[in-house]
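Comments concern the structure below.
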Amino acid sequence: MAEIVESDESGRIVIPKSIRKELGIGRKTKFIITKRKEGQILLQKIDFEEMARRLEEELEGVKVEEIAASVRKEINAKIAREHPELLTG
């Protein structure tokens, strides 16, 4: 599906209603915009629900809490080395 749209004085464009409805685009929907080859841009909707679903599938059986604890430990050690003045007590 292709439609011609025009940018306003601020460079904004309006995504046609039919496309917004089909793709489930609403107020505050987030996008990634990428400059492609000369004269082209790619506008990609960020679907957080889909991302969360895929993460759950990919991480099934993985002990995420242990990984998070390990990362926290590494970050705290780095802070202690590089910025000991930030540590309390």
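Following the order of the structure tokens, first chain is A, next is B, and so on, with residues numbered from 1 inside each chain and ligands from 1 in the order they appear.
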Per DSSP on the backbone, filter chain A down to the residues in alpha helix (DSSP H) and report them as a compact mmCIF listing (two decimals) with C-alpha atoms, in the first residue's frame.
```txt
# COMPACT_ATOMS: atom_id res chain seq x y z
CA LYS A 17 -5.74 6.70 8.97
CA SER A 18 -6.15 3.47 7.01
CA ILE A 19 -2.49 2.57 7.62
CA ARG A 20 -2.63 3.62 11.30
CA LYS A 21 -5.69 1.44 11.82
CA GLU A 22 -4.20 -1.56 10.01
CA LEU A 23 -0.93 -1.36 11.97
CA PHE A 48 6.88 -3.59 22.85
CA GLU A 49 4.32 -6.35 23.36
CA GLU A 50 5.86 -8.40 20.55
CA MET A 51 9.36 -7.73 21.92
CA ALA A 52 8.29 -8.87 25.39
CA ARG A 53 6.69 -12.02 23.98
CA ARG A 54 9.84 -12.87 22.00
CA LEU A 55 12.06 -12.24 25.03
CA GLU A 56 9.92 -14.55 27.14
CA GLU A 57 10.24 -17.26 24.48
CA GLU A 58 13.99 -16.78 24.07
CA VAL A 64 17.31 -14.27 34.58
CA GLU A 65 17.51 -13.38 38.27
CA GLU A 66 20.99 -14.92 38.51
CA ILE A 67 22.18 -13.01 35.44
CA ALA A 68 20.76 -9.75 36.82
CA ALA A 69 22.47 -10.32 40.18
CA SER A 70 25.77 -10.99 38.43
CA VAL A 71 25.46 -7.81 36.35
CA ARG A 72 24.59 -5.77 39.46
CA LYS A 73 27.67 -7.20 41.21
CA GLU A 74 29.91 -6.25 38.26
CA ILE A 75 28.46 -2.73 38.12
CA ASN A 76 28.90 -2.22 41.87
CA ALA A 77 32.51 -3.44 41.67
CA LYS A 78 33.21 -1.01 38.82
CA ILE A 79 31.68 1.87 40.79
CA ALA A 80 33.75 0.91 43.83
CA ARG A 81 36.93 0.94 41.72
CA GLU A 82 36.25 4.04 39.65
```
Region 32-43 of chain A environment, 12 Å, only C-alpha atoms, sequence neighbours closer than 3 positions dropped, as a ChimeraX atom specification: /A:13,15,29,46-47
How would the residues just picked look written out with C-alpha atoms as an mmCIF file, in the first residue's frame?
```
data_model
loop_
_atom_site.group_PDB
_atom_site.id
_atom_site.type_symbol
_atom_site.label_atom_id
_atom_site.label_comp_id
_atom_site.auth_asym_id
_atom_site.auth_seq_id
_atom_site.Cartn_x
_atom_site.Cartn_y
_atom_site.Cartn_z
ATOM 1 C CA ILE A 13 3.994 13.944 8.220
ATOM 2 C CA ILE A 15 0.364 8.610 8.535
ATOM 3 C CA THR A 29 3.287 4.888 19.428
ATOM 4 C CA ILE A 46 8.366 -0.510 17.881
ATOM 5 C CA ASP A 47 6.032 -3.193 19.156
#
```
Please, which residues of chain A, numbered as in this document, come out strand (DSSP E) from DSSP, as a ChimeraX atom specification? /A:31-35,41-45
Compare A:Pro16, A:Pro84, A:Gly61, A:Gly24 by their minimum atom-to-atom distance to Lys45 (chain A), counting only C-alpha atoms, and give me the closest one. A:Gly24
